[in-house]
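Okay, input_26.txt is below, compact mmCIF, C-alpha atoms:
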```
# COMPACT_ATOMS: atom_id res chain seq x y z
CA MET A 1 -118.18 4.67 321.41
CA SER A 2 -118.14 8.20 322.69
CA SER A 3 -121.12 9.35 324.73
CA ARG A 4 -120.72 12.84 323.34
CA GLU A 5 -123.83 13.97 321.49
CA SER A 6 -123.44 14.06 317.71
CA PRO A 7 -123.67 17.45 315.96
CA ILE A 8 -126.94 16.45 314.28
CA ALA A 9 -128.46 15.29 317.56
CA ALA A 10 -127.31 18.46 319.27
CA GLN A 11 -128.85 20.57 316.51
CA ARG A 12 -132.14 18.72 316.81
CA ALA A 13 -132.16 19.15 320.57
CA ARG A 14 -131.38 22.84 320.20
CA ASN A 15 -134.20 23.28 317.67
CA ALA A 16 -136.65 21.40 319.87
CA ARG A 17 -135.77 23.55 322.88
CA LEU A 18 -136.06 26.83 321.00
CA THR A 19 -139.27 25.76 319.28
CA ALA A 20 -140.78 24.84 322.65
CA GLN A 21 -139.92 28.32 323.95
CA ALA A 22 -141.50 29.92 320.89
CA GLU A 23 -144.60 27.75 321.27
CA GLN A 24 -145.04 28.94 324.85
CA ILE A 25 -144.80 32.57 323.74
CA ALA A 26 -147.34 31.82 321.01
CA ARG A 27 -149.74 30.17 323.46
CA ASP A 28 -149.60 33.19 325.75
CA ASP A 29 -150.23 35.52 322.82
CA ARG A 30 -153.13 33.45 321.50
CA ALA A 31 -154.73 33.44 324.94
CA GLU A 32 -154.33 37.20 325.29
CA HIS A 33 -155.74 38.00 321.87
CA GLY A 34 -158.23 35.16 321.44
CA LEU A 35 -156.48 33.73 318.40
CA PRO A 36 -156.90 30.22 316.97
CA GLU A 37 -154.22 27.56 316.87
CA LEU A 38 -151.54 28.71 314.44
CA PRO A 39 -148.32 27.15 313.14
CA VAL A 40 -145.08 27.98 314.96
CA ILE A 41 -142.01 28.00 312.74
CA LEU A 42 -138.35 28.40 313.69
CA LEU A 43 -136.05 30.36 311.38
CA PRO A 44 -132.39 31.32 311.75
CA ALA A 45 -131.63 34.81 313.02
CA ASN A 46 -129.24 37.34 311.65
CA SER A 47 -127.77 38.83 314.82
CA ARG A 48 -124.91 40.81 313.26
CA ASN A 49 -124.28 44.46 313.98
CA THR A 50 -124.06 47.05 311.24
CA THR A 51 -120.93 48.87 310.17
CA GLU A 52 -119.87 51.27 307.46
CA LEU A 53 -119.38 49.40 304.20
CA PRO A 54 -115.59 48.92 304.00
CA GLU A 55 -113.96 50.53 300.97
CA GLU A 56 -112.16 47.26 300.25
CA SER A 57 -115.51 45.42 300.14
CA ARG A 58 -116.93 48.00 297.77
CA ASP A 59 -113.87 47.72 295.52
CA ALA A 60 -113.92 43.91 295.60
CA PHE A 61 -117.58 43.86 294.63
CA LEU A 62 -117.11 46.25 291.71
CA GLU A 63 -114.08 44.33 290.45
CA LYS A 64 -116.02 41.07 290.52
CA LEU A 65 -119.03 42.76 288.91
CA ARG A 66 -116.95 44.08 286.00
CA GLY A 67 -115.88 40.55 285.13
CA THR A 68 -119.45 39.27 285.41
CA ILE A 69 -120.78 42.08 283.24
CA ALA A 70 -118.08 41.41 280.63
CA GLU A 71 -119.15 37.76 280.54
CA ALA A 72 -122.82 38.74 280.19
CA PHE A 73 -122.01 41.16 277.35
CA SER A 74 -120.10 38.47 275.45
CA GLU A 75 -123.49 37.26 274.18
CA ALA A 76 -126.33 39.02 272.39
CA VAL A 77 -129.26 40.25 274.45
CA ARG A 78 -131.44 37.23 275.00
CA ASP A 79 -135.18 36.79 275.25
CA ASN A 80 -136.30 37.72 278.73
CA SER A 81 -138.65 34.75 278.77
CA ALA A 82 -135.69 32.37 279.18
CA PRO A 83 -136.23 29.83 281.98
CA MET A 84 -134.77 30.37 285.42
CA SER A 85 -131.13 29.49 285.83
CA ALA A 86 -130.09 25.99 286.83
CA GLU A 87 -128.69 27.53 290.02
CA ALA A 88 -132.01 29.11 290.97
CA GLU A 89 -133.98 26.01 289.93
CA SER A 90 -131.74 23.85 292.12
CA ALA A 91 -132.12 26.20 295.09
CA ARG A 92 -135.89 26.06 294.84
CA GLN A 93 -135.92 22.27 294.55
CA ASP A 94 -133.52 21.90 297.47
CA ALA A 95 -135.89 23.96 299.63
CA GLY A 96 -138.82 21.79 298.54
CA TRP A 97 -140.86 24.90 297.90
CA ALA A 98 -143.42 26.04 295.38
CA LEU A 99 -145.74 29.04 295.60
CA PRO A 100 -149.11 27.67 296.75
CA GLU A 101 -152.04 28.76 294.61
CA SER A 102 -154.32 28.46 297.65
CA ILE A 103 -152.53 31.37 299.40
CA PRO A 104 -152.23 34.28 296.94
CA ALA A 105 -150.69 36.48 299.65
CA MET A 106 -147.84 34.03 300.34
CA PRO A 107 -145.16 36.44 299.01
CA ASP A 108 -146.28 39.02 301.61
CA ILE A 109 -146.16 36.41 304.38
CA ILE A 110 -142.69 35.30 303.26
CA GLY A 111 -141.51 38.91 303.20
CA ALA A 112 -142.70 39.53 306.76
CA SER A 113 -141.08 36.28 307.88
CA CYS A 114 -137.77 37.23 306.26
CA GLY A 115 -138.00 40.51 308.14
CA THR A 116 -138.18 38.56 311.39
CA CYS A 117 -135.05 36.60 310.45
CA ARG A 118 -133.40 39.79 309.07
CA GLY A 119 -131.70 37.97 306.27
CA GLU A 120 -129.40 35.30 307.65
CA CYS A 121 -129.21 33.74 304.16
CA CYS A 122 -127.99 37.08 302.82
CA THR A 123 -124.84 36.83 304.93
CA ALA A 124 -123.35 34.44 302.34
CA GLY A 125 -123.56 37.15 299.68
CA GLY A 126 -120.19 38.66 300.62
CA THR A 127 -118.69 40.79 297.88
CA HIS A 128 -120.47 39.01 295.02
CA GLY A 129 -124.15 39.34 295.93
CA PHE A 130 -124.82 36.05 294.08
CA LEU A 131 -124.70 38.07 290.85
CA HIS A 132 -123.62 35.70 288.09
CA ALA A 133 -123.75 36.20 284.34
CA ASP A 134 -127.26 34.79 283.97
CA SER A 135 -128.60 37.42 286.37
CA ILE A 136 -126.79 40.24 284.59
CA MET A 137 -128.12 38.96 281.25
CA ARG A 138 -131.65 39.16 282.63
CA VAL A 139 -131.14 42.70 283.95
CA ARG A 140 -129.61 43.81 280.65
CA ALA A 141 -132.56 42.36 278.74
CA GLN A 142 -135.09 44.02 281.05
CA LEU A 143 -133.47 47.43 280.71
CA THR A 144 -133.20 47.03 276.94
CA ASP A 145 -136.87 46.08 276.78
CA ASP A 146 -137.60 49.30 278.68
CA GLY A 147 -135.93 51.27 275.92
CA GLU A 148 -132.63 52.01 277.65
CA THR A 149 -129.25 51.87 275.97
CA VAL A 150 -127.27 49.58 278.23
CA THR A 151 -123.49 49.53 278.28
CA PRO A 152 -121.14 47.72 280.65
CA GLU A 153 -120.22 51.07 282.18
CA SER A 154 -123.83 52.18 282.71
CA LEU A 155 -124.75 48.84 284.28
CA GLU A 156 -121.79 48.96 286.65
CA ALA A 157 -122.72 52.52 287.61
CA ARG A 158 -126.31 51.46 288.29
CA TYR A 159 -125.20 48.79 290.75
CA ALA A 160 -122.59 51.06 292.32
CA SER A 161 -125.29 53.67 292.99
CA HIS A 162 -127.12 51.21 295.25
CA LEU A 163 -124.13 50.31 297.42
CA PRO A 164 -125.14 51.47 300.91
CA THR A 165 -123.18 53.55 303.36
CA ARG A 166 -123.78 50.94 306.09
CA HIS A 167 -124.47 47.22 305.94
CA TYR A 168 -124.43 44.20 308.23
CA ARG A 169 -120.84 43.46 309.18
CA GLY A 170 -119.33 40.70 307.07
CA SER A 171 -122.54 40.16 305.11
CA CYS A 172 -123.53 40.90 301.53
CA VAL A 173 -122.48 44.38 300.49
CA PHE A 174 -126.16 45.22 299.85
CA HIS A 175 -127.52 43.77 303.13
CA THR A 176 -128.90 46.57 305.34
CA THR A 177 -131.30 46.90 308.26
CA ALA A 178 -134.00 47.76 305.71
CA GLY A 179 -133.33 44.57 303.75
CA CYS A 180 -131.60 44.34 300.39
CA ASN A 181 -130.53 47.75 299.14
CA LEU A 182 -130.94 46.60 295.55
CA PRO A 183 -134.32 46.98 293.84
CA ARG A 184 -135.76 43.53 293.25
CA SER A 185 -135.27 43.86 289.49
CA LEU A 186 -131.51 44.18 289.98
CA ARG A 187 -131.11 41.31 292.43
CA SER A 188 -129.70 37.96 291.41
CA ASN A 189 -131.93 35.21 290.10
CA LEU A 190 -131.03 33.20 293.17
CA CYS A 191 -131.98 35.97 295.60
CA ASN A 192 -135.31 36.53 293.87
CA ARG A 193 -136.34 32.88 293.93
CA TYR A 194 -134.67 31.23 296.89
CA VAL A 195 -136.54 30.34 300.07
CA CYS A 196 -134.89 28.60 303.00
CA GLY A 197 -136.02 25.34 304.53
CA GLY A 198 -137.81 27.19 307.33
CA LEU A 199 -139.89 29.19 304.87
CA ALA A 200 -140.68 26.04 302.92
CA GLN A 201 -141.88 24.52 306.20
CA LEU A 202 -143.96 27.64 306.87
CA THR A 203 -145.59 27.34 303.45
CA ARG A 204 -146.47 23.70 303.98
CA ALA A 205 -147.83 24.40 307.47
CA LEU A 206 -150.08 27.21 306.24
CA VAL A 207 -151.43 25.11 303.39
CA ALA A 208 -152.10 22.19 305.75
CA SER A 209 -153.77 24.37 308.40
CA GLN A 210 -155.64 26.56 305.89
CA GLN A 211 -154.38 29.60 307.77
CA THR A 212 -152.75 32.79 306.52
CA SER A 213 -151.05 33.65 309.82
CA ALA A 214 -148.27 31.98 311.80
CA TYR A 215 -145.87 32.60 314.65
CA VAL A 216 -142.35 32.92 313.30
CA ALA A 217 -139.39 32.69 315.66
CA ALA A 218 -135.80 33.58 314.77
CA ALA A 219 -132.93 32.09 316.76
CA ASP A 220 -129.16 32.03 316.75
CA SER A 221 -127.22 28.95 317.85
CA VAL A 222 -128.25 29.42 321.49
CA HIS A 223 -131.12 31.86 322.04
CA LEU A 224 -134.37 33.05 320.59
CA ARG A 225 -133.75 36.49 319.16
CA ARG A 226 -137.18 37.44 317.89
CA VAL A 227 -140.74 36.10 317.73
CA ALA A 228 -143.48 37.66 315.66
CA LEU A 229 -147.05 36.98 314.60
CA VAL A 230 -146.82 37.11 310.83
CA THR A 231 -149.93 37.86 308.76
CA VAL A 232 -150.67 39.12 305.26
CA GLN A 233 -150.59 42.64 306.74
CA GLY A 234 -147.08 42.27 308.16
CA ALA A 235 -145.48 41.20 311.44
CA ARG A 236 -146.28 42.03 315.06
CA SER A 237 -143.31 41.52 317.37
CA LEU A 238 -143.84 39.65 320.63
CA PRO A 239 -141.87 40.12 323.87
CA LEU A 240 -139.40 37.38 324.77
CA ALA A 241 -139.91 37.57 328.53
CA ALA A 242 -141.41 34.06 328.54
CA THR A 243 -138.04 32.59 327.49
```

Conversion result in structure tokens:
Amino acid sequence: MSSRESPIAAQRARNARLTAQAEQIARDDRAEHGLPELPVILLPANSRNTTELPEESRDAFLEKLRGTIAEAFSEAVRDNSAPMSAEAESARQDAGWALPESIPAMPDIIGASCGTCRGECCTAGGTHGFLHADSIMRVRAQLTDDGETVTPESLEARYASHLPTRHYRGSCVFHTTAGCNLPRSLRSNLCNRYVCGGLAQLTRALVASQQTSAYVAAADSVHLRRVALVTVQGARSLPLAAT
């Protein structure tokens, strides 16, 4: 039997090492600011550089979108109260997450934590942005409810207007340094409802500790990239000198 460490064991060792580094940074910060014991959570880190959105990526997205819009327009406008898609429901269940009633500000905490990660999950969005027919049906229904006349051409133009000049290289066409360039109402069902395993862990830790603040660290496969104290007011970045 090979003595080489298995990928799972190596991943666990890597996570333990990076978490220990983050915990030391958190201890130093708590001591400096007189803070109580707070959870320390490790998230992935988007460490990509930005680039101009390639014309071929823009074209590929719009071509895919046209097909998705055509599929969505093959049915009548549906009631906007329809349940979440099976895809989004599955993503939420896989993450083991539900919005805790005991922490009303949890969406703000999640948003600040995602800002520390900078959207590693968004990198899988490529030239589709997770926009499937069920998401386009929802958007069409919302706009119709608002009194707009929605056509396939107007909907395509609306999405095209939000394509950024620059995005993270090789990531979703809408993924920028400011977050998603799409208004939340135009994002996919999956994007609006998905939380990663790290954020699910953060939620559970806050509920268990009865806190509304935590230290959130973001790491690539080797190094800590960012550590922040995340609160309902936002995130305060911490120096990484202790690593």

- [ ] Extract, using all atoms listed in the file, all DNA, RNA and protein residues at most 8 Å from Ile69 (chain A), discarding same-chain residues fewer than 5 positions from it, and format them as number ranges by chain.
- [x] A: 133, 136, 152, 155-156

Residues just named, written with C-alpha atoms as an mmCIF file, in the coordinates of the input:
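Done, and the output landed in again-v8.cif:
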```cif
data_model
loop_
_atom_site.group_PDB
_atom_site.id
_atom_site.type_symbol
_atom_site.label_atom_id
_atom_site.label_comp_id
_atom_site.auth_asym_id
_atom_site.auth_seq_id
_atom_site.Cartn_x
_atom_site.Cartn_y
_atom_site.Cartn_z
ATOM 1 C CA ALA A 133 -123.750 36.200 284.340
ATOM 2 C CA ILE A 136 -126.790 40.240 284.590
ATOM 3 C CA PRO A 152 -121.140 47.720 280.650
ATOM 4 C CA LEU A 155 -124.750 48.840 284.280
ATOM 5 C CA GLU A 156 -121.790 48.960 286.650
#
```

Task: Nearest to Thr165 (chain A) by atom-to-atom distance, counting only C-alpha atoms, from A:Ala10, A:Ala16, A:Ala235, A:Leu53 - done: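 Between A:Ala10, A:Ala16, A:Ala235, A:Leu53, the residue approaching Thr165 (chain A) most closely is A:Leu53.
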
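Put simply, CA of Gly129 (chain A) is 12.4 Å away from CA of Ala160 (chain A).
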
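In this model, the gap between CA of Ile110 (chain A) and CA of Arg27 (chain A) comes to 22.0 Å.
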
How big is the axis-aligned box, and where does its centre sit, when it encloses all atoms of region 11-20 of chain A listed in the file and has 3 Å added on every side, reported in Å to one decimal as AutoDock Vina command-line options?
```
--center_x -134.8 --center_y 22.8 --center_z 319.7 --size_x 17.9 --size_y 14.1 --size_z 12.4
```

Using all atoms listed in the file, what does the table of region 111-162 of chain A residues within 12 Å of region 197-217 of chain A look like, with each row giving the shortest atom pair and its distance in Å to one decimal, sorted by chain and ascending number, as a Markdown table?
```
| residue | atom | partner | partner_atom | distance |
| --- | --- | --- | --- | --- |
| A:Gly111 | CA | A:Leu199 | CA | 10.0 |
| A:Ala112 | CA | A:Val216 | CA | 9.3 |
| A:Ser113 | CA | A:Val216 | CA | 6.5 |
| A:Cys114 | CA | A:Leu199 | CA | 8.4 |
| A:Gly115 | CA | A:Val216 | CA | 10.2 |
| A:Thr116 | CA | A:Val216 | CA | 7.3 |
| A:Cys117 | CA | A:Ala217 | CA | 7.8 |
| A:Arg118 | CA | A:Ala217 | CA | 11.4 |
| A:Glu120 | CA | A:Gly198 | CA | 11.7 |
| A:Cys121 | CA | A:Gly197 | CA | 10.8 |
```

Open item on the list: I'd like the interatomic distance between CA of Met137 (chain A) and CA of Val77 (chain A), to a tenth of an Å.
Closed with: 7.0 Å

Open item on the list: So, with only C-alpha atoms as the atoms that count, which of A:Arg12, A:Asp108, A:Ala124, A:Ser185 lies closest to Asn46 (chain A)?
Closed with: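 Closest candidate: A:Ala124.
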
Task: Residue nearest Val232 (chain A) among A:Met106, A:Ser135, A:Phe61, A:Cys122 (counting all atoms listed in the file) - done: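 Going through A:Met106, A:Ser135, A:Phe61, A:Cys122 one by one, the smallest distance to Val232 (chain A) is for A:Met106.
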
Task: Among the residues A:Thr231, A:Gly34, A:Gly179, A:Ser171, the one that comes closest to Ile103 (chain A) [using all atoms listed in the file] - done: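 Among the listed residues, the smallest separation from Ile103 (chain A) belongs to A:Thr231.
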
Open item on the list: Can you pull out the residues contacting region 220-224 of chain A? Cut-off 12 Å, using all atoms listed in the file, and skip same-chain residues under 2 positions away; I want them as an MDAnalysis selection string.
Closed with: chainID A and resid 10:23 25 42:48 116:118 120 216:218 226:228 238:243

Task: Residue among A:Phe73, A:Val150, A:Asp28, A:Gly119 lying closest to Tyr194 (chain A), counting only C-alpha atoms - done: A:Gly119

Task: Selected residue of minimal separation from Leu190 (chain A) among A:Leu229, A:Leu131, A:Ala72, A:Ile109, counting only C-alpha atoms - done: A:Leu131

Neighbours of Val173 (chain A) within 10 Å (all atoms listed in the file; same-chain residues fewer than 2 positions away dropped), as a PDB file with C-alpha atoms, in the coordinates of the input?
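Saved to out-v8.pdb:
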```pdb
ATOM      1  CA  LEU A  53    -119.380  49.400 304.200  1.00  0.00           C
ATOM      2  CA  PRO A  54    -115.590  48.920 304.000  1.00  0.00           C
ATOM      3  CA  SER A  57    -115.510  45.420 300.140  1.00  0.00           C
ATOM      4  CA  ARG A  58    -116.930  48.000 297.770  1.00  0.00           C
ATOM      5  CA  ALA A  60    -113.920  43.910 295.600  1.00  0.00           C
ATOM      6  CA  PHE A  61    -117.580  43.860 294.630  1.00  0.00           C
ATOM      7  CA  CYS A 122    -127.990  37.080 302.820  1.00  0.00           C
ATOM      8  CA  THR A 123    -124.840  36.830 304.930  1.00  0.00           C
ATOM      9  CA  GLY A 125    -123.560  37.150 299.680  1.00  0.00           C
ATOM     10  CA  GLY A 126    -120.190  38.660 300.620  1.00  0.00           C
ATOM     11  CA  THR A 127    -118.690  40.790 297.880  1.00  0.00           C
ATOM     12  CA  HIS A 128    -120.470  39.010 295.020  1.00  0.00           C
ATOM     13  CA  GLY A 129    -124.150  39.340 295.930  1.00  0.00           C
ATOM     14  CA  HIS A 162    -127.120  51.210 295.250  1.00  0.00           C
ATOM     15  CA  LEU A 163    -124.130  50.310 297.420  1.00  0.00           C
ATOM     16  CA  PRO A 164    -125.140  51.470 300.910  1.00  0.00           C
ATOM     17  CA  THR A 165    -123.180  53.550 303.360  1.00  0.00           C
ATOM     18  CA  ARG A 166    -123.780  50.940 306.090  1.00  0.00           C
ATOM     19  CA  HIS A 167    -124.470  47.220 305.940  1.00  0.00           C
ATOM     20  CA  TYR A 168    -124.430  44.200 308.230  1.00  0.00           C
ATOM     21  CA  ARG A 169    -120.840  43.460 309.180  1.00  0.00           C
ATOM     22  CA  GLY A 170    -119.330  40.700 307.070  1.00  0.00           C
ATOM     23  CA  SER A 171    -122.540  40.160 305.110  1.00  0.00           C
ATOM     24  CA  HIS A 175    -127.520  43.770 303.130  1.00  0.00           C
ATOM     25  CA  THR A 176    -128.900  46.570 305.340  1.00  0.00           C
ATOM     26  CA  CYS A 180    -131.600  44.340 300.390  1.00  0.00           C
ATOM     27  CA  ASN A 181    -130.530  47.750 299.140  1.00  0.00           C
TER      28      ASN A 181
END
```
